[in-house]
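Pasting input.cif here (mmCIF, C-alpha atoms and all ligand atoms):
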data_model
#
loop_
_atom_site.group_PDB
_atom_site.id
_atom_site.type_symbol
_atom_site.label_atom_id
_atom_site.label_comp_id
_atom_site.auth_asym_id
_atom_site.auth_seq_id
_atom_site.Cartn_x
_atom_site.Cartn_y
_atom_site.Cartn_z
ATOM 1 C CA MET A 1 -62.615 -51.491 23.768
ATOM 2 C CA THR A 2 -60.896 -52.506 20.553
ATOM 3 C CA ASP A 3 -58.079 -50.510 19.058
ATOM 4 C CA ALA A 4 -58.921 -48.680 15.848
ATOM 5 C CA PRO A 5 -57.323 -50.550 12.934
ATOM 6 C CA ALA A 6 -53.983 -49.060 11.986
ATOM 7 C CA ARG A 7 -54.121 -46.921 8.858
ATOM 8 C CA SER A 8 -52.035 -48.456 6.150
ATOM 9 C CA PHE A 9 -49.855 -46.380 3.884
ATOM 10 C CA ARG A 10 -52.249 -47.285 1.076
ATOM 11 C CA ASP A 11 -54.982 -45.504 3.086
ATOM 12 C CA VAL A 12 -52.735 -42.469 3.411
ATOM 13 C CA LEU A 13 -52.306 -42.452 -0.377
ATOM 14 C CA ARG A 14 -56.043 -42.921 -0.972
ATOM 15 C CA ASP A 15 -56.729 -39.812 1.156
ATOM 16 C CA ILE A 16 -54.756 -37.596 -1.207
ATOM 17 C CA PRO A 17 -57.180 -35.798 -3.551
ATOM 18 C CA THR A 18 -56.605 -36.996 -7.121
ATOM 19 C CA ARG A 19 -57.837 -33.830 -8.783
ATOM 20 C CA PRO A 20 -58.758 -30.241 -8.010
ATOM 21 C CA THR A 21 -62.422 -29.255 -7.696
ATOM 22 C CA GLU A 22 -62.343 -26.658 -10.484
ATOM 23 C CA MET A 23 -61.051 -27.770 -13.878
ATOM 24 C CA PRO A 24 -61.495 -25.827 -17.097
ATOM 25 C CA PRO A 25 -63.098 -27.953 -19.826
ATOM 26 C CA LEU A 26 -61.214 -28.868 -23.003
ATOM 27 C CA ARG A 27 -62.636 -30.635 -26.056
ATOM 28 C CA ALA A 28 -60.597 -31.922 -28.990
ATOM 29 C CA ALA A 29 -62.999 -30.101 -31.322
ATOM 30 C CA ASP A 30 -62.206 -26.759 -29.616
ATOM 31 C CA ALA A 31 -58.461 -27.303 -29.147
ATOM 32 C CA PRO A 32 -56.123 -24.980 -31.083
ATOM 33 C CA ALA A 33 -54.677 -26.402 -34.303
ATOM 34 C CA ASP A 34 -51.184 -25.820 -32.850
ATOM 35 C CA PRO A 35 -50.486 -27.416 -29.424
ATOM 36 C CA LEU A 36 -47.717 -24.887 -28.756
ATOM 37 C CA ARG A 37 -50.383 -22.166 -28.771
ATOM 38 C CA LEU A 38 -52.305 -24.225 -26.209
ATOM 39 C CA LEU A 39 -49.160 -24.558 -24.066
ATOM 40 C CA ARG A 40 -48.582 -20.807 -24.257
ATOM 41 C CA ARG A 41 -52.192 -20.121 -23.257
ATOM 42 C CA TRP A 42 -52.018 -22.554 -20.326
ATOM 43 C CA LEU A 43 -48.754 -21.015 -19.096
ATOM 44 C CA GLU A 44 -50.274 -17.535 -19.341
ATOM 45 C CA GLU A 45 -53.196 -18.760 -17.229
ATOM 46 C CA GLU A 46 -50.863 -20.320 -14.629
ATOM 47 C CA SER A 47 -48.887 -17.079 -14.578
ATOM 48 C CA GLU A 48 -52.104 -15.112 -13.914
ATOM 49 C CA ARG A 49 -52.916 -17.551 -11.092
ATOM 50 C CA GLN A 50 -49.351 -17.108 -9.806
ATOM 51 C CA THR A 51 -48.853 -20.887 -9.657
ATOM 52 C CA PRO A 52 -45.370 -21.419 -8.173
ATOM 53 C CA VAL A 53 -42.833 -22.814 -10.651
ATOM 54 C CA ALA A 54 -45.544 -23.398 -13.280
ATOM 55 C CA HIS A 55 -42.828 -23.083 -15.935
ATOM 56 C CA ALA A 56 -40.918 -26.135 -14.669
ATOM 57 C CA PHE A 57 -41.125 -29.382 -16.596
ATOM 58 C CA ALA A 58 -39.725 -32.898 -16.398
ATOM 59 C CA LEU A 59 -37.163 -33.481 -19.135
ATOM 60 C CA ALA A 60 -36.580 -37.112 -20.112
ATOM 61 C CA THR A 61 -33.509 -38.099 -22.102
ATOM 62 C CA VAL A 62 -31.808 -41.365 -22.988
ATOM 63 C CA SER A 63 -28.275 -41.956 -21.684
ATOM 64 C CA PRO A 64 -25.508 -43.170 -24.007
ATOM 65 C CA THR A 65 -26.092 -46.674 -22.541
ATOM 66 C CA GLY A 66 -29.849 -46.512 -23.262
ATOM 67 C CA ILE A 67 -31.016 -45.740 -19.731
ATOM 68 C CA PRO A 68 -33.955 -43.305 -19.333
ATOM 69 C CA GLN A 69 -33.131 -40.273 -17.188
ATOM 70 C CA VAL A 70 -35.582 -37.607 -16.083
ATOM 71 C CA ARG A 71 -35.140 -34.371 -14.140
ATOM 72 C CA THR A 72 -36.827 -30.994 -13.713
ATOM 73 C CA VAL A 73 -35.743 -27.931 -15.689
ATOM 74 C CA ILE A 74 -37.183 -24.475 -16.273
ATOM 75 C CA LEU A 75 -38.822 -23.370 -19.522
ATOM 76 C CA LYS A 76 -36.834 -20.417 -20.847
ATOM 77 C CA ASP A 77 -38.908 -19.553 -23.894
ATOM 78 C CA LEU A 78 -41.549 -20.946 -26.218
ATOM 79 C CA ASP A 79 -41.885 -20.346 -29.963
ATOM 80 C CA ASP A 80 -42.067 -23.300 -32.345
ATOM 81 C CA ALA A 81 -39.851 -25.076 -29.810
ATOM 82 C CA VAL A 82 -39.499 -25.628 -26.066
ATOM 83 C CA TRP A 83 -36.384 -23.862 -24.713
ATOM 84 C CA PHE A 84 -34.304 -24.817 -21.704
ATOM 85 C CA ALA A 85 -30.703 -24.293 -20.619
ATOM 86 C CA THR A 86 -28.115 -26.418 -18.863
ATOM 87 C CA PRO A 87 -24.385 -27.185 -18.998
ATOM 88 C CA SER A 88 -23.486 -29.322 -22.026
ATOM 89 C CA THR A 89 -21.250 -31.259 -19.630
ATOM 90 C CA SER A 90 -24.211 -32.368 -17.444
ATOM 91 C CA ALA A 91 -25.688 -35.853 -17.751
ATOM 92 C CA LYS A 92 -28.577 -34.432 -19.804
ATOM 93 C CA GLY A 93 -26.186 -32.441 -22.012
ATOM 94 C CA GLN A 94 -24.167 -35.567 -22.734
ATOM 95 C CA ALA A 95 -27.310 -37.617 -23.329
ATOM 96 C CA ILE A 96 -28.577 -35.045 -25.828
ATOM 97 C CA SER A 97 -25.283 -34.871 -27.710
ATOM 98 C CA ASN A 98 -25.386 -38.671 -28.055
ATOM 99 C CA THR A 99 -29.144 -39.100 -28.683
ATOM 100 C CA PRO A 100 -30.716 -35.741 -29.576
ATOM 101 C CA ILE A 101 -34.286 -36.728 -28.685
ATOM 102 C CA ALA A 102 -36.144 -35.795 -25.494
ATOM 103 C CA GLU A 103 -39.604 -35.546 -23.966
ATOM 104 C CA ALA A 104 -40.804 -32.607 -21.873
ATOM 105 C CA SER A 105 -43.667 -33.225 -19.451
ATOM 106 C CA PHE A 106 -45.574 -30.377 -17.796
ATOM 107 C CA TYR A 107 -48.133 -31.026 -15.051
ATOM 108 C CA TRP A 108 -50.235 -28.403 -13.293
ATOM 109 C CA ALA A 109 -52.027 -29.850 -10.246
ATOM 110 C CA SER A 110 -54.309 -26.864 -9.699
ATOM 111 C CA THR A 111 -55.940 -27.238 -13.121
ATOM 112 C CA GLY A 112 -55.581 -31.017 -13.655
ATOM 113 C CA ARG A 113 -53.584 -30.488 -16.832
ATOM 114 C CA GLN A 114 -50.684 -32.405 -18.348
ATOM 115 C CA MET A 115 -48.823 -31.786 -21.591
ATOM 116 C CA ARG A 116 -46.017 -33.962 -22.965
ATOM 117 C CA LEU A 117 -43.933 -32.849 -25.942
ATOM 118 C CA ARG A 118 -41.461 -35.115 -27.716
ATOM 119 C CA GLY A 119 -39.006 -34.334 -30.478
ATOM 120 C CA PHE A 120 -35.468 -33.605 -31.611
ATOM 121 C CA VAL A 121 -33.257 -31.357 -29.508
ATOM 122 C CA GLU A 122 -30.775 -28.856 -30.924
ATOM 123 C CA ALA A 123 -28.172 -26.696 -29.207
ATOM 124 C CA ALA A 124 -28.783 -23.002 -29.889
ATOM 125 C CA PRO A 125 -26.251 -20.722 -31.583
ATOM 126 C CA ARG A 126 -23.608 -19.519 -29.076
ATOM 127 C CA GLU A 127 -25.085 -15.991 -28.925
ATOM 128 C CA VAL A 128 -28.429 -17.361 -27.666
ATOM 129 C CA SER A 129 -26.732 -19.371 -24.905
ATOM 130 C CA LYS A 130 -24.684 -16.323 -23.916
ATOM 131 C CA ALA A 131 -27.776 -14.101 -23.729
ATOM 132 C CA ASP A 132 -29.544 -16.715 -21.615
ATOM 133 C CA PHE A 133 -26.633 -16.874 -19.184
ATOM 134 C CA THR A 134 -26.182 -13.134 -18.756
ATOM 135 C CA ALA A 135 -29.944 -12.760 -18.069
ATOM 136 C CA ARG A 136 -29.652 -15.160 -15.094
ATOM 137 C CA HIS A 137 -29.567 -13.981 -11.505
ATOM 138 C CA PRO A 138 -25.941 -13.449 -10.325
ATOM 139 C CA LYS A 139 -26.320 -16.272 -7.771
ATOM 140 C CA ALA A 140 -27.519 -18.657 -10.498
ATOM 141 C CA ARG A 141 -24.572 -17.591 -12.672
ATOM 142 C CA ALA A 142 -22.207 -18.212 -9.755
ATOM 143 C CA GLY A 143 -23.516 -21.766 -9.417
ATOM 144 C CA VAL A 144 -22.755 -22.465 -13.072
ATOM 145 C CA ILE A 145 -19.291 -20.878 -12.823
ATOM 146 C CA ILE A 146 -18.464 -23.194 -9.914
ATOM 147 C CA GLY A 147 -19.600 -26.046 -12.181
ATOM 148 C CA ARG A 148 -19.034 -29.547 -10.810
ATOM 149 C CA GLN A 149 -22.746 -30.462 -11.306
ATOM 150 C CA GLY A 150 -23.211 -34.074 -10.275
ATOM 151 C CA LEU A 151 -19.740 -34.467 -8.757
ATOM 152 C CA GLU A 152 -19.369 -35.572 -5.156
ATOM 153 C CA ARG A 153 -18.960 -32.735 -2.622
ATOM 154 C CA ASP A 154 -16.060 -33.829 -0.423
ATOM 155 C CA ASP A 155 -16.009 -30.769 1.805
ATOM 156 C CA PRO A 156 -19.343 -28.966 2.500
ATOM 157 C CA ALA A 157 -17.355 -26.125 4.115
ATOM 158 C CA GLU A 158 -15.875 -25.424 0.693
ATOM 159 C CA VAL A 159 -19.301 -24.484 -0.730
ATOM 160 C CA GLU A 160 -19.541 -21.019 0.808
ATOM 161 C CA ARG A 161 -16.009 -20.088 -0.175
ATOM 162 C CA LEU A 162 -16.503 -21.247 -3.776
ATOM 163 C CA TYR A 163 -19.819 -19.341 -4.018
ATOM 164 C CA ASP A 164 -18.193 -16.156 -2.691
ATOM 165 C CA GLU A 165 -15.355 -16.504 -5.198
ATOM 166 C CA ALA A 166 -17.734 -17.217 -8.077
ATOM 167 C CA LEU A 167 -19.987 -14.281 -7.134
ATOM 168 C CA ALA A 168 -16.943 -11.995 -7.063
ATOM 169 C CA THR A 169 -16.060 -13.290 -10.560
ATOM 170 C CA VAL A 170 -19.610 -12.545 -11.795
ATOM 171 C CA GLU A 171 -19.423 -8.992 -10.419
ATOM 172 C CA LYS A 172 -15.970 -8.389 -11.893
ATOM 173 C CA ASN A 173 -16.694 -9.939 -15.318
ATOM 174 C CA PRO A 174 -20.460 -9.634 -15.887
ATOM 175 C CA ASP A 175 -20.064 -10.696 -19.539
ATOM 176 C CA GLN A 176 -18.189 -13.925 -18.763
ATOM 177 C CA VAL A 177 -20.136 -16.983 -19.962
ATOM 178 C CA PRO A 178 -18.900 -20.503 -19.198
ATOM 179 C CA GLU A 179 -18.232 -22.353 -22.429
ATOM 180 C CA GLU A 180 -20.470 -25.265 -21.397
ATOM 181 C CA TRP A 181 -23.612 -23.171 -20.699
ATOM 182 C CA THR A 182 -25.989 -24.094 -23.497
ATOM 183 C CA ALA A 183 -29.511 -23.131 -24.465
ATOM 184 C CA TYR A 184 -31.311 -26.057 -26.103
ATOM 185 C CA CYS A 185 -34.534 -26.204 -28.055
ATOM 186 C CA LEU A 186 -36.788 -29.236 -28.235
ATOM 187 C CA ILE A 187 -38.749 -29.127 -31.500
ATOM 188 C CA PRO A 188 -41.805 -31.281 -30.862
ATOM 189 C CA ASP A 189 -43.310 -33.576 -33.465
ATOM 190 C CA HIS A 190 -45.558 -35.359 -30.978
ATOM 191 C CA VAL A 191 -47.666 -33.729 -28.252
ATOM 192 C CA ASP A 192 -49.990 -35.495 -25.819
ATOM 193 C CA VAL A 193 -52.458 -33.329 -23.872
ATOM 194 C CA VAL A 194 -54.576 -34.405 -20.886
ATOM 195 C CA GLN A 195 -57.239 -32.307 -19.178
ATOM 196 C CA LEU A 196 -58.802 -34.062 -16.189
ATOM 197 C CA ARG A 197 -62.539 -33.575 -15.614
ATOM 198 C CA PRO A 198 -64.444 -33.788 -12.299
ATOM 199 C CA ALA A 199 -66.484 -36.935 -12.995
ATOM 200 C CA SER A 200 -64.412 -38.813 -15.588
ATOM 201 C CA ASP A 201 -60.844 -39.511 -16.658
ATOM 202 C CA GLY A 202 -61.119 -36.403 -18.782
ATOM 203 C CA GLU A 203 -59.956 -35.490 -22.240
ATOM 204 C CA ARG A 204 -56.835 -36.623 -24.069
ATOM 205 C CA ILE A 205 -55.728 -35.066 -27.322
ATOM 206 C CA ASP A 206 -52.891 -36.343 -29.477
ATOM 207 C CA TYR A 207 -51.044 -34.025 -31.869
ATOM 208 C CA SER A 208 -48.436 -35.179 -34.374
ATOM 209 C CA ARG A 209 -46.679 -33.701 -37.389
ATOM 210 C CA PRO A 210 -44.148 -35.195 -39.809
ATOM 211 C CA GLY A 211 -41.798 -32.186 -39.629
ATOM 212 C CA LYS A 212 -41.249 -28.750 -38.109
ATOM 213 C CA SER A 213 -43.113 -26.805 -40.785
ATOM 214 C CA ALA A 214 -45.880 -29.369 -41.413
ATOM 215 C CA ALA A 215 -49.428 -28.948 -40.090
ATOM 216 C CA TRP A 216 -50.440 -30.844 -36.958
ATOM 217 C CA THR A 217 -52.799 -33.815 -37.113
ATOM 218 C CA VAL A 218 -55.176 -33.827 -34.137
ATOM 219 C CA ARG A 219 -56.734 -37.002 -32.696
ATOM 220 C CA ASP A 220 -59.169 -37.388 -29.821
ATOM 221 C CA LEU A 221 -57.924 -40.302 -27.622
ATOM 222 C CA TRP A 222 -59.448 -42.346 -24.836
ATOM 223 C CA PRO A 223 -57.713 -41.041 -21.746
HETATM 224 C C1 LIG A 301 -37.675 -26.599 -9.997
HETATM 225 C C2 LIG A 301 -36.326 -26.986 -10.559
HETATM 226 C C3 LIG A 301 -35.842 -26.341 -11.676
HETATM 227 C C4 LIG A 301 -34.607 -26.692 -12.232
HETATM 228 N N1 LIG A 301 -34.189 -26.061 -13.360
HETATM 229 C C5 LIG A 301 -33.013 -26.421 -13.926
HETATM 230 C C6 LIG A 301 -32.601 -25.838 -15.167
HETATM 231 O O1 LIG A 301 -33.293 -24.991 -15.768
HETATM 232 N N2 LIG A 301 -31.408 -26.240 -15.688
HETATM 233 C C7 LIG A 301 -30.606 -27.175 -15.062
HETATM 234 O O2 LIG A 301 -29.532 -27.482 -15.567
HETATM 235 N N3 LIG A 301 -30.999 -27.773 -13.903
HETATM 236 C C8 LIG A 301 -32.181 -27.419 -13.322
HETATM 237 N N4 LIG A 301 -32.594 -28.024 -12.158
HETATM 238 C C9 LIG A 301 -31.748 -29.114 -11.594
HETATM 239 C C10 LIG A 301 -32.044 -30.404 -12.384
HETATM 240 O O3 LIG A 301 -33.312 -30.923 -12.009
HETATM 241 C C11 LIG A 301 -30.977 -31.481 -12.171
HETATM 242 O O4 LIG A 301 -30.894 -31.821 -10.806
HETATM 243 C C12 LIG A 301 -29.596 -31.040 -12.651
HETATM 244 O O5 LIG A 301 -29.678 -30.246 -13.821
HETATM 245 C C13 LIG A 301 -28.723 -32.277 -12.936
HETATM 246 O O6 LIG A 301 -29.353 -33.068 -13.921
HETATM 247 P P1 LIG A 301 -28.577 -34.174 -14.807
HETATM 248 O O7 LIG A 301 -27.500 -34.707 -13.917
HETATM 249 O O8 LIG A 301 -29.609 -35.178 -15.148
HETATM 250 O O9 LIG A 301 -28.031 -33.475 -16.014
HETATM 251 C C14 LIG A 301 -33.824 -27.699 -11.609
HETATM 252 C C15 LIG A 301 -34.319 -28.360 -10.480
HETATM 253 C C16 LIG A 301 -35.557 -28.008 -9.961
HETATM 254 C C17 LIG A 301 -36.066 -28.743 -8.739
#

Please render this file's structure as structure tokens.
Ligand SMILES: Cc1cc2nc3c(=O)[nH]c(=O)nc-3n(C[C@H](O)[C@H](O)[C@H](O)COP(=O)(O)O)c2cc1C
Amino acid sequence: MTDAPARSFRDVLRDIPTRPTEMPPLRAADAPADPLRLLRRWLEEESERQTPVAHAFALATVSPTGIPQVRTVILKDLDDAVWFATPSTSAKGQAISNTPIAEASFYWASTGRQMRLRGFVEAAPREVSKADFTARHPKARAGVIIGRQGLERDDPAEVERLYDEALATVEKNPDQVPEEWTAYCLIPDHVDVVQLRPASDGERIDYSRPGKSAAWTVRDLWP
């Protein structure tokens, strides 16, 4: 009897389904003239489906030394811009203050959809950042009050004590907003949309506009 050949890791990867079975169709000819309306519609659909963390996206920035950096953040709002919030002192905050350009990439596995939005990033007026912070869950506010994002944690035992202290601060001063908490808006001038299809690579639509108030140009791309 011969041993069954060992499964390579490549086989393990090949066994992962590359797309869901049900994918809504999308054609460039039927796509909305404004990609932000399409993003809103897709998020409403994911919300109806109760897709966990469907409002999270990968945010890519460029560090002051030109290194790409990407991490996940939560979409806070959507109008003619993509809103997110983070401390201005974080790596992404510093990257944005040095090079105020970023790309947001959403991907929803259950519908085979991807949308990337690139453009200039602006810090919101202080009042907007304050309102964002005070709307956060007390535990999330406590985390920001502790600060130290990205710094080494020398003593894990310290974590609980610092959280308790920060939570007590939040309860005592519910209007306190750390100076560094900042709402940012990414105003896209370039949007790339992919909708996978069951039997092909799917559809890819490219949107671009020369400025915030200009109309979008739509192009149908090979995926
Ligand atoms: C699902 C998810 C959502 C997140 N949302 C945020 C967010 O809205 N704002 C934020 O500052 N960090 C958020 N984070 C943490 C960031 O991904 C990142 O680890 C942190 O902000 C430090 O990033 P930086 O050092 O590149 O600035 C989130 C992480 C995950 C996994």

With a distance cut-off of 9 Å and only C-alpha atoms, select the neighbouring residues of segment 101-109 of chain A, excluding the residue or stretch itself and same-chain residues fewer than 5 positions from it, and output the selection as a short mmCIF file (atom, residue, chain, number, x, y, z; two decimals) with C-alpha atoms, in the coordinates of the input.
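Output below, filename selection.cif:
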data_model
loop_
_atom_site.label_atom_id
_atom_site.label_comp_id
_atom_site.auth_asym_id
_atom_site.auth_seq_id
_atom_site.Cartn_x
_atom_site.Cartn_y
_atom_site.Cartn_z
CA ARG A 19 -57.84 -33.83 -8.78
CA PRO A 20 -58.76 -30.24 -8.01
CA GLU A 46 -50.86 -20.32 -14.63
CA THR A 51 -48.85 -20.89 -9.66
CA ALA A 54 -45.54 -23.40 -13.28
CA HIS A 55 -42.83 -23.08 -15.94
CA ALA A 56 -40.92 -26.14 -14.67
CA PHE A 57 -41.12 -29.38 -16.60
CA ALA A 58 -39.72 -32.90 -16.40
CA LEU A 59 -37.16 -33.48 -19.14
CA ALA A 60 -36.58 -37.11 -20.11
CA THR A 61 -33.51 -38.10 -22.10
CA VAL A 62 -31.81 -41.36 -22.99
CA VAL A 82 -39.50 -25.63 -26.07
CA ALA A 95 -27.31 -37.62 -23.33
CA ILE A 96 -28.58 -35.04 -25.83
CA GLN A 114 -50.68 -32.40 -18.35
CA MET A 115 -48.82 -31.79 -21.59
CA ARG A 116 -46.02 -33.96 -22.96
CA LEU A 117 -43.93 -32.85 -25.94
CA ARG A 118 -41.46 -35.12 -27.72
CA GLY A 119 -39.01 -34.33 -30.48
CA PHE A 120 -35.47 -33.60 -31.61
CA VAL A 121 -33.26 -31.36 -29.51
CA GLU A 122 -30.78 -28.86 -30.92
CA LEU A 186 -36.79 -29.24 -28.24
CA PRO A 188 -41.80 -31.28 -30.86
#

Point to revise | Given 9 Å and all atoms listed in the file, residues near ligand LIG 301 (chain A) as a PyMOL selection string | key: chain A and resi 53+55-61+69-76+84-95+144+149-150+181

Review point. So what does the PyMOL selection byres (((chain A and resi 38) around 12) and not hetatm) actually pick up in this one, as JSON, numbers by chain?
Key: {"A": [26, 28, 30, 31, 32, 33, 34, 35, 36, 37, 39, 40, 41, 42, 43, 44, 45, 78, 79, 80, 113, 114, 115, 191, 192, 193, 194, 195, 205, 207]}

Contact residues around segment 198-202 of chain A with all atoms listed in the file at 12 Å, ignoring same-chain residues under 6 positions, as an mmCIF file with C-alpha atoms, in the coordinates of the input:
data_model
loop_
_atom_site.group_PDB
_atom_site.id
_atom_site.type_symbol
_atom_site.label_atom_id
_atom_site.label_comp_id
_atom_site.auth_asym_id
_atom_site.auth_seq_id
_atom_site.Cartn_x
_atom_site.Cartn_y
_atom_site.Cartn_z
ATOM 1 C CA PRO A 17 -57.180 -35.798 -3.551
ATOM 2 C CA THR A 18 -56.605 -36.996 -7.121
ATOM 3 C CA ARG A 19 -57.837 -33.830 -8.783
ATOM 4 C CA PRO A 20 -58.758 -30.241 -8.010
ATOM 5 C CA THR A 21 -62.422 -29.255 -7.696
ATOM 6 C CA GLU A 22 -62.343 -26.658 -10.484
ATOM 7 C CA MET A 23 -61.051 -27.770 -13.878
ATOM 8 C CA PRO A 24 -61.495 -25.827 -17.097
ATOM 9 C CA PRO A 25 -63.098 -27.953 -19.826
ATOM 10 C CA LEU A 26 -61.214 -28.868 -23.003
ATOM 11 C CA ARG A 27 -62.636 -30.635 -26.056
ATOM 12 C CA ALA A 28 -60.597 -31.922 -28.990
ATOM 13 C CA THR A 111 -55.940 -27.238 -13.121
ATOM 14 C CA GLY A 112 -55.581 -31.017 -13.655
ATOM 15 C CA ARG A 113 -53.584 -30.488 -16.832
ATOM 16 C CA GLN A 114 -50.684 -32.405 -18.348
ATOM 17 C CA ASP A 220 -59.169 -37.388 -29.821
ATOM 18 C CA LEU A 221 -57.924 -40.302 -27.622
ATOM 19 C CA TRP A 222 -59.448 -42.346 -24.836
ATOM 20 C CA PRO A 223 -57.713 -41.041 -21.746
#

Check your understanding: Separation of atom CA of Thr134 of chain A and atom CA of Tyr184 of chain A, in Å?
Key -> 15.7 Å

Expected axis-aligned box over every listed atom of segment 13-17 of chain A, 3 Å added per side, centre plus edges in Å to one decimal, as lines of an AutoDock Vina configuration file:
center_x = -54.7
center_y = -39.4
center_z = -1.2
size_x = 10.9
size_y = 13.1
size_z = 10.7

Check your understanding: What separation in Å, quoted to one decimal, exists between atom CA of Ala183 of chain A and atom CA of Ala81 of chain A?
Key ->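 We find that atom CA of Ala183 of chain A and atom CA of Ala81 of chain A lie 11.8 Å from each other.
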
Check your understanding: What is the distance, in Å and to one decimal place, between atom CA of Ile145 of chain A and atom CA of Ala131 of chain A?
Key -> 15.4 Å

Non-local contacts of Asp175 of chain A (12 Å; all atoms listed in the file; under 4 positions in same chain excluded) as an mmCIF file with C-alpha atoms, in the frame of the given file:
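Writing the result to selection.cif gives the following:
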data_model
loop_
_atom_site.group_PDB
_atom_site.id
_atom_site.type_symbol
_atom_site.label_atom_id
_atom_site.label_comp_id
_atom_site.auth_asym_id
_atom_site.auth_seq_id
_atom_site.Cartn_x
_atom_site.Cartn_y
_atom_site.Cartn_z
ATOM 1 C CA GLU A 127 -25.085 -15.991 -28.925
ATOM 2 C CA LYS A 130 -24.684 -16.323 -23.916
ATOM 3 C CA ALA A 131 -27.776 -14.101 -23.729
ATOM 4 C CA ASP A 132 -29.544 -16.715 -21.615
ATOM 5 C CA PHE A 133 -26.633 -16.874 -19.184
ATOM 6 C CA THR A 134 -26.182 -13.134 -18.756
ATOM 7 C CA ALA A 135 -29.944 -12.760 -18.069
ATOM 8 C CA ARG A 136 -29.652 -15.160 -15.094
ATOM 9 C CA PRO A 138 -25.941 -13.449 -10.325
ATOM 10 C CA ARG A 141 -24.572 -17.591 -12.672
ATOM 11 C CA THR A 169 -16.060 -13.290 -10.560
ATOM 12 C CA VAL A 170 -19.610 -12.545 -11.795
ATOM 13 C CA GLU A 171 -19.423 -8.992 -10.419
#

Exercise for review: Determine the nearest neighbour of Trp83 of chain A from the options A:Ala123, A:Ile67, A:Val177, A:Asn98, counting all atoms listed in the file.
Suggested key: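 Of A:Ala123, A:Ile67, A:Val177, A:Asn98, the one nearest Trp83 of chain A, counting all atoms listed in the file, is A:Ala123.
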
How would segment 104-108 of chain A look written as a short mmCIF file (atom, residue, chain, number, x, y, z; two decimals), in the first residue's frame with all heavy atoms?
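Full text of result_1.cif as output:
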data_model
loop_
_atom_site.label_atom_id
_atom_site.label_comp_id
_atom_site.auth_asym_id
_atom_site.auth_seq_id
_atom_site.Cartn_x
_atom_site.Cartn_y
_atom_site.Cartn_z
N ALA A 104 -8.52 54.02 -0.26
CA ALA A 104 -9.37 53.17 0.58
C ALA A 104 -9.79 51.98 -0.26
O ALA A 104 -10.20 52.16 -1.41
CB ALA A 104 -10.61 53.96 1.01
N SER A 105 -9.67 50.77 0.30
CA SER A 105 -10.08 49.59 -0.47
C SER A 105 -11.07 48.76 0.34
O SER A 105 -10.75 48.29 1.44
CB SER A 105 -8.84 48.74 -0.81
OG SER A 105 -9.25 47.59 -1.53
N PHE A 106 -12.28 48.65 -0.19
CA PHE A 106 -13.32 47.81 0.42
C PHE A 106 -13.37 46.49 -0.33
O PHE A 106 -13.22 46.46 -1.56
CB PHE A 106 -14.71 48.45 0.26
CG PHE A 106 -14.93 49.71 1.05
CD1 PHE A 106 -14.53 50.94 0.57
CD2 PHE A 106 -15.56 49.65 2.29
CE1 PHE A 106 -14.77 52.11 1.29
CE2 PHE A 106 -15.79 50.80 3.03
CZ PHE A 106 -15.40 52.03 2.52
N TYR A 107 -13.61 45.40 0.39
CA TYR A 107 -13.81 44.10 -0.26
C TYR A 107 -14.89 43.34 0.52
O TYR A 107 -14.79 43.23 1.75
CB TYR A 107 -12.51 43.29 -0.28
CG TYR A 107 -12.73 41.86 -0.72
CD1 TYR A 107 -13.27 41.58 -1.98
CD2 TYR A 107 -12.45 40.80 0.13
CE1 TYR A 107 -13.50 40.27 -2.37
CE2 TYR A 107 -12.68 39.48 -0.26
CZ TYR A 107 -13.20 39.24 -1.51
OH TYR A 107 -13.44 37.94 -1.90
N TRP A 108 -15.89 42.87 -0.19
CA TRP A 108 -16.96 42.10 0.44
C TRP A 108 -16.96 40.71 -0.19
O TRP A 108 -17.38 40.54 -1.36
CB TRP A 108 -18.31 42.78 0.25
CG TRP A 108 -18.34 44.15 0.81
CD1 TRP A 108 -18.55 44.51 2.12
CD2 TRP A 108 -18.17 45.39 0.10
NE1 TRP A 108 -18.50 45.87 2.26
CE2 TRP A 108 -18.27 46.43 1.05
CE3 TRP A 108 -17.93 45.72 -1.24
CZ2 TRP A 108 -18.15 47.77 0.69
CZ3 TRP A 108 -17.80 47.05 -1.59
CH2 TRP A 108 -17.91 48.06 -0.63
#
